[in-house]
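Visitor: Next up, structure-v7.pdb (PDB, C-alpha atoms, pLDDT in the B column).
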```
ATOM      1  CA  GLN A   1     207.066 177.332 200.724  1.00 88.00           C
ATOM      2  CA  VAL A   2     205.657 177.374 197.182  1.00 91.00           C
ATOM      3  CA  HIS A   3     205.455 180.323 194.837  1.00 95.00           C
ATOM      4  CA  VAL A   4     203.119 180.297 191.822  1.00 96.00           C
ATOM      5  CA  VAL A   5     202.851 182.802 188.983  1.00 96.00           C
ATOM      6  CA  GLU A   6     200.090 182.819 186.379  1.00 96.00           C
ATOM      7  CA  SER A   7     200.271 184.086 182.826  1.00 96.00           C
ATOM      8  CA  GLY A   8     198.302 183.884 179.607  1.00 96.00           C
ATOM      9  CA  GLY A   9     195.110 185.754 180.327  1.00 94.00           C
ATOM     10  CA  GLY A  10     193.597 188.273 177.950  1.00 97.00           C
ATOM     11  CA  LEU A  11     190.638 189.276 175.831  1.00 98.00           C
ATOM     12  CA  VAL A  12     189.099 186.792 173.421  1.00 98.00           C
ATOM     13  CA  GLN A  13     185.870 186.516 171.480  1.00 98.00           C
ATOM     14  CA  ALA A  14     183.272 183.926 172.349  1.00 98.00           C
ATOM     15  CA  GLY A  15     184.183 180.587 170.823  1.00 98.00           C
ATOM     16  CA  GLY A  16     187.876 181.348 170.984  1.00 98.00           C
ATOM     17  CA  SER A  17     190.682 179.772 172.984  1.00 98.00           C
ATOM     18  CA  LEU A  18     193.279 180.773 175.544  1.00 98.00           C
ATOM     19  CA  ARG A  19     195.952 178.876 177.399  1.00 98.00           C
ATOM     20  CA  LEU A  20     196.871 179.833 180.935  1.00 98.00           C
ATOM     21  CA  SER A  21     200.183 178.865 182.488  1.00 98.00           C
ATOM     22  CA  CYS A  22     201.154 178.536 186.123  1.00 97.00           C
ATOM     23  CA  ALA A  23     204.833 178.327 186.952  1.00 96.00           C
ATOM     24  CA  ALA A  24     205.628 176.927 190.372  1.00 94.00           C
ATOM     25  CA  SER A  25     208.818 177.230 192.385  1.00 91.00           C
ATOM     26  CA  GLY A  26     210.002 176.415 195.878  1.00 88.00           C
ATOM     27  CA  THR A  27     209.259 173.173 197.698  1.00 83.00           C
ATOM     28  CA  ILE A  28     207.455 171.572 194.777  1.00 80.00           C
ATOM     29  CA  PHE A  29     207.819 168.086 196.237  1.00 80.00           C
ATOM     30  CA  SER A  30     205.329 169.038 198.951  1.00 84.00           C
ATOM     31  CA  VAL A  31     202.527 169.915 196.540  1.00 87.00           C
ATOM     32  CA  ASN A  32     199.615 167.469 196.453  1.00 91.00           C
ATOM     33  CA  THR A  33     197.444 169.081 193.808  1.00 95.00           C
ATOM     34  CA  MET A  34     197.613 172.047 191.483  1.00 96.00           C
ATOM     35  CA  ASN A  35     194.363 173.795 190.773  1.00 97.00           C
ATOM     36  CA  TRP A  36     192.837 176.580 188.754  1.00 98.00           C
ATOM     37  CA  TYR A  37     190.138 178.696 190.380  1.00 98.00           C
ATOM     38  CA  ARG A  38     188.237 181.673 189.064  1.00 98.00           C
ATOM     39  CA  GLN A  39     186.393 184.543 190.637  1.00 98.00           C
ATOM     40  CA  VAL A  40     184.066 187.278 189.464  1.00 97.00           C
ATOM     41  CA  PRO A  41     183.249 190.346 191.560  1.00 94.00           C
ATOM     42  CA  GLY A  42     180.641 189.645 194.207  1.00 95.00           C
ATOM     43  CA  LYS A  43     180.922 185.872 193.938  1.00 96.00           C
ATOM     44  CA  GLN A  44     182.929 183.212 195.715  1.00 97.00           C
ATOM     45  CA  ARG A  45     186.056 181.841 194.163  1.00 97.00           C
ATOM     46  CA  GLU A  46     185.211 178.575 192.414  1.00 97.00           C
ATOM     47  CA  LEU A  47     187.295 175.569 191.463  1.00 98.00           C
ATOM     48  CA  VAL A  48     187.651 175.202 187.705  1.00 98.00           C
ATOM     49  CA  ALA A  49     190.057 172.274 187.369  1.00 98.00           C
ATOM     50  CA  GLY A  50     192.633 170.369 189.351  1.00 97.00           C
ATOM     51  CA  ILE A  51     195.410 167.857 188.779  1.00 97.00           C
ATOM     52  CA  THR A  52     197.032 165.626 191.368  1.00 95.00           C
ATOM     53  CA  ARG A  53     200.667 164.667 191.684  1.00 93.00           C
ATOM     54  CA  SER A  54     199.845 161.393 189.919  1.00 93.00           C
ATOM     55  CA  GLY A  55     198.029 163.169 187.103  1.00 94.00           C
ATOM     56  CA  ILE A  56     194.412 162.589 188.069  1.00 97.00           C
ATOM     57  CA  THR A  57     192.271 165.460 186.880  1.00 98.00           C
ATOM     58  CA  ASN A  58     188.916 166.883 187.854  1.00 98.00           C
ATOM     59  CA  TYR A  59     186.776 169.639 186.372  1.00 98.00           C
ATOM     60  CA  ALA A  60     183.844 171.807 187.247  1.00 98.00           C
ATOM     61  CA  ASP A  61     180.741 170.714 185.359  1.00 98.00           C
ATOM     62  CA  SER A  62     180.566 174.085 183.645  1.00 97.00           C
ATOM     63  CA  VAL A  63     183.914 173.561 181.879  1.00 98.00           C
ATOM     64  CA  LYS A  64     183.937 169.814 181.207  1.00 98.00           C
ATOM     65  CA  GLY A  65     184.644 169.088 177.573  1.00 98.00           C
ATOM     66  CA  ARG A  66     185.951 172.612 176.966  1.00 98.00           C
ATOM     67  CA  PHE A  67     188.881 173.048 179.369  1.00 98.00           C
ATOM     68  CA  THR A  68     191.874 170.783 179.841  1.00 98.00           C
ATOM     69  CA  ILE A  69     194.372 170.907 182.684  1.00 98.00           C
ATOM     70  CA  ALA A  70     197.818 169.455 182.171  1.00 97.00           C
ATOM     71  CA  LYS A  71     201.246 169.665 183.748  1.00 95.00           C
ATOM     72  CA  ASP A  72     204.839 169.582 182.659  1.00 94.00           C
ATOM     73  CA  ASN A  73     206.844 168.209 185.573  1.00 89.00           C
ATOM     74  CA  ALA A  74     210.155 169.110 183.974  1.00 91.00           C
ATOM     75  CA  LYS A  75     209.122 172.760 183.852  1.00 92.00           C
ATOM     76  CA  ASN A  76     207.131 172.769 187.122  1.00 92.00           C
ATOM     77  CA  THR A  77     204.304 174.297 185.126  1.00 96.00           C
ATOM     78  CA  VAL A  78     200.593 173.626 184.984  1.00 97.00           C
ATOM     79  CA  TYR A  79     198.484 174.666 182.022  1.00 98.00           C
ATOM     80  CA  LEU A  80     194.815 175.318 181.521  1.00 98.00           C
ATOM     81  CA  GLN A  81     193.772 175.047 177.898  1.00 98.00           C
ATOM     82  CA  MET A  82     190.429 176.790 177.474  1.00 98.00           C
ATOM     83  CA  ASN A  83     188.463 176.188 174.281  1.00 98.00           C
ATOM     84  CA  SER A  84     184.998 177.227 173.162  1.00 98.00           C
ATOM     85  CA  LEU A  85     185.090 180.109 175.587  1.00 98.00           C
ATOM     86  CA  LYS A  86     181.850 181.735 176.663  1.00 98.00           C
ATOM     87  CA  PRO A  87     181.156 185.197 178.092  1.00 98.00           C
ATOM     88  CA  GLU A  88     180.331 183.530 181.410  1.00 97.00           C
ATOM     89  CA  ASP A  89     183.929 182.289 181.586  1.00 98.00           C
ATOM     90  CA  THR A  90     184.996 185.890 182.158  1.00 98.00           C
ATOM     91  CA  ALA A  91     186.783 186.061 185.512  1.00 98.00           C
ATOM     92  CA  VAL A  92     190.100 186.427 187.231  1.00 98.00           C
ATOM     93  CA  TYR A  93     191.772 183.022 187.125  1.00 98.00           C
ATOM     94  CA  TYR A  94     193.990 181.977 190.008  1.00 98.00           C
ATOM     95  CA  CYS A  95     196.524 179.205 190.231  1.00 97.00           C
ATOM     96  CA  ASN A  96     196.568 177.299 193.492  1.00 96.00           C
ATOM     97  CA  ALA A  97     199.122 174.903 194.927  1.00 95.00           C
ATOM     98  CA  ASN A  98     197.700 172.708 197.641  1.00 93.00           C
ATOM     99  CA  VAL A  99     200.016 171.414 200.333  1.00 90.00           C
ATOM    100  CA  ILE A 100     198.724 169.551 203.365  1.00 85.00           C
ATOM    101  CA  GLY A 101     197.504 172.247 205.697  1.00 81.00           C
ATOM    102  CA  TYR A 102     198.077 175.174 203.395  1.00 90.00           C
ATOM    103  CA  ASN A 103     197.183 176.725 200.061  1.00 94.00           C
ATOM    104  CA  TYR A 104     199.446 178.938 197.983  1.00 95.00           C
ATOM    105  CA  TRP A 105     197.909 181.380 195.516  1.00 97.00           C
ATOM    106  CA  GLY A 106     199.101 183.353 192.557  1.00 96.00           C
ATOM    107  CA  GLN A 107     198.192 186.956 191.867  1.00 96.00           C
ATOM    108  CA  GLY A 108     195.590 186.014 189.256  1.00 97.00           C
ATOM    109  CA  THR A 109     195.214 186.679 185.561  1.00 97.00           C
ATOM    110  CA  GLN A 110     192.204 188.296 183.920  1.00 98.00           C
ATOM    111  CA  VAL A 111     190.278 186.414 181.245  1.00 98.00           C
ATOM    112  CA  THR A 112     187.633 188.382 179.384  1.00 98.00           C
ATOM    113  CA  VAL A 113     185.377 186.757 176.799  1.00 98.00           C
ATOM    114  CA  SER A 114     183.406 189.128 174.615  1.00 97.00           C
ATOM    115  CA  SER A 115     180.107 188.144 173.038  1.00 93.00           C
TER
END
```
Take the structure from the file and write it as structure tokens.
Guide:
Amino acid sequence: QVHVVESGGGLVQAGGSLRLSCAASGTIFSVNTMNWYRQVPGKQRELVAGITRSGITNYADSVKGRFTIAKDNAKNTVYLQMNSLKPEDTAVYYCNANVIGYNYWGQGTQVTVSS
């Protein structure tokens, strides 16, 4: 079993930056990818960025060039550096640990970008 906890959300003005952290614990060796998703009320949860065990990253088109996902294996932590934030980035951001056959989710952290 894997347990993930997000932190780092908050309120920021458009054009600003935030860094989200996701600390993972448990059977880390079983995790294939770590991902960041986001969700706004009334819409489906969408994938923002992901990083594989080998460090391969992928991003949603809407955040390419602005967001960077990275991991610190020694700390079992994944980060999402968000720059040039826009009001449309406002959402609850969730950390996800993908294991074959199962997904583990954090409780989410609110990111609000004011115009």
Visitor: At most 7 Å is the cut-off: for each residue in region 59-110 of chain A with any atom that close to an atom of region 30-47 of chain A, write down the nearest atom pair and the distance in Å rounded to one decimal, counting all atoms listed in the file, chain first then increasing number, as a tab-separated table.
Guide:
```
residue	atom	partner	partner_atom	distance
A:Ala60	CA	A:Leu47	CA	6.6
A:Ala91	CA	A:Val40	CA	4.9
A:Val92	CA	A:Gln39	CA	5.4
A:Tyr93	CA	A:Arg38	CA	4.3
A:Tyr94	CA	A:Tyr37	CA	5.1
A:Cys95	CA	A:Trp36	CA	4.8
A:Asn96	CA	A:Asn35	CA	5.0
A:Ala97	CA	A:Met34	CA	4.7
A:Asn98	CA	A:Thr33	CA	5.3
A:Val99	CA	A:Val31	CA	4.8
```
Visitor: So how many Å separate CA of Phe67 (chain A) and CA of Tyr104 (chain A), to one decimal?
Guide: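 If I compute the distance from CA of Phe67 (chain A) to CA of Tyr104 (chain A), I get 22.2 Å.
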Visitor: Taking 3 positions as the minimum chain separation for residues in the same chain, which residues sit within 8 Å of Ser21 (chain A) when counting all atoms listed in the file? Answer as a list in words.
Guide: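 Counting only the stated atoms, we get Glu6, Ser7, Gly8, Thr77, Val78, Tyr79 and Leu80 of chain A.
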Visitor: From the list A:Asn103, A:Ser17, A:Asp89, A:Ser25, which residue is nearest Val4 (chain A) when using all atoms listed in the file?
Guide: A:Ser25
Visitor: Can you report as lines of an AutoDock Vina configuration file the centre and edge lengths in Å, to one decimal, of an axis-aligned box around the listed atoms of region 32-43 of chain A padded with 4 Å on each side?
Guide:
```
center_x = 190.1
center_y = 178.9
center_z = 192.6
size_x = 27.0
size_y = 30.9
size_z = 15.7
```
Visitor: What does the structure give for the distance between CA of Tyr102 (chain A) and CA of Gly55 (chain A), in Å to one decimal?
Guide: 20.2 Å
Visitor: Just to confirm, what's the straight-line distance from CA of Gly9 (chain A) to CA of Ser114 (chain A) in Å (one decimal)?
Guide: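 Value for the CA of Gly9 (chain A)-CA of Ser114 (chain A) distance: 13.5 Å.
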Visitor: Using all atoms listed in the file, which of the listed residues (A:Asn83, A:Ile100, A:Val5, A:Val63) sits closest to Gly26 (chain A)?
Guide: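 Closest residue, counting all atoms listed in the file: A:Val5.
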Visitor: Which is closest to Lys86 (chain A) among A:Gly101, A:Gly50, A:Gly16, A:Gly65, if we use only C-alpha atoms?
Guide: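 The closest residue to Lys86 (chain A) is A:Gly16.
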Visitor: With all atoms listed in the file as the basis for distance, which of A:Val12, A:Ala70, A:Asp61, A:Cys22 is at the shortest distance from Thr90 (chain A)?
Guide: A:Val12
Visitor: What does the PyMOL selection byres ((chain A and resi 1) around 7) select in this file, as a PyMOL selection string?
Guide: chain A and resi 2-3+26-27
Visitor: With N, CA, C and O atoms as the target, complete region 47-65 of chain A and hand it back as an mmCIF file, in the frame of the given file.
Guide:
```cif
data_model
loop_
_atom_site.group_PDB
_atom_site.id
_atom_site.type_symbol
_atom_site.label_atom_id
_atom_site.label_comp_id
_atom_site.auth_asym_id
_atom_site.auth_seq_id
_atom_site.Cartn_x
_atom_site.Cartn_y
_atom_site.Cartn_z
ATOM 1 N N LEU A 47 186.330 176.476 192.061
ATOM 2 C CA LEU A 47 187.295 175.569 191.463
ATOM 3 C C LEU A 47 186.914 175.294 190.016
ATOM 4 O O LEU A 47 185.781 174.924 189.724
ATOM 5 N N VAL A 48 187.864 175.457 189.129
ATOM 6 C CA VAL A 48 187.651 175.202 187.705
ATOM 7 C C VAL A 48 188.191 173.825 187.327
ATOM 8 O O VAL A 48 187.513 173.022 186.686
ATOM 9 N N ALA A 49 189.428 173.552 187.719
ATOM 10 C CA ALA A 49 190.057 172.274 187.369
ATOM 11 C C ALA A 49 191.206 172.018 188.318
ATOM 12 O O ALA A 49 191.791 172.957 188.867
ATOM 13 N N GLY A 50 191.526 170.736 188.495
ATOM 14 C CA GLY A 50 192.633 170.369 189.351
ATOM 15 C C GLY A 50 193.361 169.157 188.812
ATOM 16 O O GLY A 50 192.789 168.364 188.046
ATOM 17 N N ILE A 51 194.621 169.014 189.194
ATOM 18 C CA ILE A 51 195.410 167.857 188.779
ATOM 19 C C ILE A 51 196.277 167.436 189.957
ATOM 20 O O ILE A 51 196.929 168.258 190.606
ATOM 21 N N THR A 52 196.256 166.139 190.244
ATOM 22 C CA THR A 52 197.032 165.626 191.368
ATOM 23 C C THR A 52 198.464 165.338 190.948
ATOM 24 O O THR A 52 198.818 165.380 189.771
ATOM 25 N N ARG A 53 199.277 165.001 191.953
ATOM 26 C CA ARG A 53 200.667 164.667 191.684
ATOM 27 C C ARG A 53 200.769 163.497 190.719
ATOM 28 O O ARG A 53 201.678 163.440 189.887
ATOM 29 N N SER A 54 199.818 162.568 190.794
ATOM 30 C CA SER A 54 199.845 161.393 189.919
ATOM 31 C C SER A 54 199.154 161.637 188.584
ATOM 32 O O SER A 54 199.105 160.732 187.747
ATOM 33 N N GLY A 55 198.619 162.831 188.399
ATOM 34 C CA GLY A 55 198.029 163.169 187.103
ATOM 35 C C GLY A 55 196.525 163.003 186.993
ATOM 36 O O GLY A 55 195.968 163.165 185.915
ATOM 37 N N ILE A 56 195.878 162.707 188.094
ATOM 38 C CA ILE A 56 194.412 162.589 188.069
ATOM 39 C C ILE A 56 193.812 163.989 188.000
ATOM 40 O O ILE A 56 194.211 164.879 188.745
ATOM 41 N N THR A 57 192.861 164.141 187.091
ATOM 42 C CA THR A 57 192.271 165.460 186.880
ATOM 43 C C THR A 57 190.807 165.498 187.295
ATOM 44 O O THR A 57 190.137 164.462 187.348
ATOM 45 N N ASN A 58 190.344 166.681 187.602
ATOM 46 C CA ASN A 58 188.916 166.883 187.854
ATOM 47 C C ASN A 58 188.533 168.256 187.352
ATOM 48 O O ASN A 58 189.381 169.161 187.271
ATOM 49 N N TYR A 59 187.264 168.406 186.983
ATOM 50 C CA TYR A 59 186.776 169.639 186.372
ATOM 51 C C TYR A 59 185.420 170.029 186.943
ATOM 52 O O TYR A 59 184.610 169.178 187.306
ATOM 53 N N ALA A 60 185.185 171.331 186.949
ATOM 54 C CA ALA A 60 183.844 171.807 187.247
ATOM 55 C C ALA A 60 182.927 171.406 186.095
ATOM 56 O O ALA A 60 183.366 171.350 184.936
ATOM 57 N N ASP A 61 181.677 171.133 186.405
ATOM 58 C CA ASP A 61 180.741 170.714 185.359
ATOM 59 C C ASP A 61 180.632 171.757 184.248
ATOM 60 O O ASP A 61 180.456 171.407 183.080
ATOM 61 N N SER A 62 180.755 173.008 184.613
ATOM 62 C CA SER A 62 180.566 174.085 183.645
ATOM 63 C C SER A 62 181.668 174.158 182.586
ATOM 64 O O SER A 62 181.494 174.808 181.555
ATOM 65 N N VAL A 63 182.793 173.492 182.831
ATOM 66 C CA VAL A 63 183.914 173.561 181.879
ATOM 67 C C VAL A 63 184.270 172.206 181.288
ATOM 68 O O VAL A 63 185.145 172.134 180.405
ATOM 69 N N LYS A 64 183.624 171.149 181.729
ATOM 70 C CA LYS A 64 183.937 169.814 181.207
ATOM 71 C C LYS A 64 183.738 169.765 179.705
ATOM 72 O O LYS A 64 182.732 170.253 179.184
ATOM 73 N N GLY A 65 184.707 169.184 179.023
ATOM 74 C CA GLY A 65 184.644 169.088 177.573
ATOM 75 C C GLY A 65 185.184 170.300 176.858
ATOM 76 O O GLY A 65 185.385 170.272 175.641
#
```
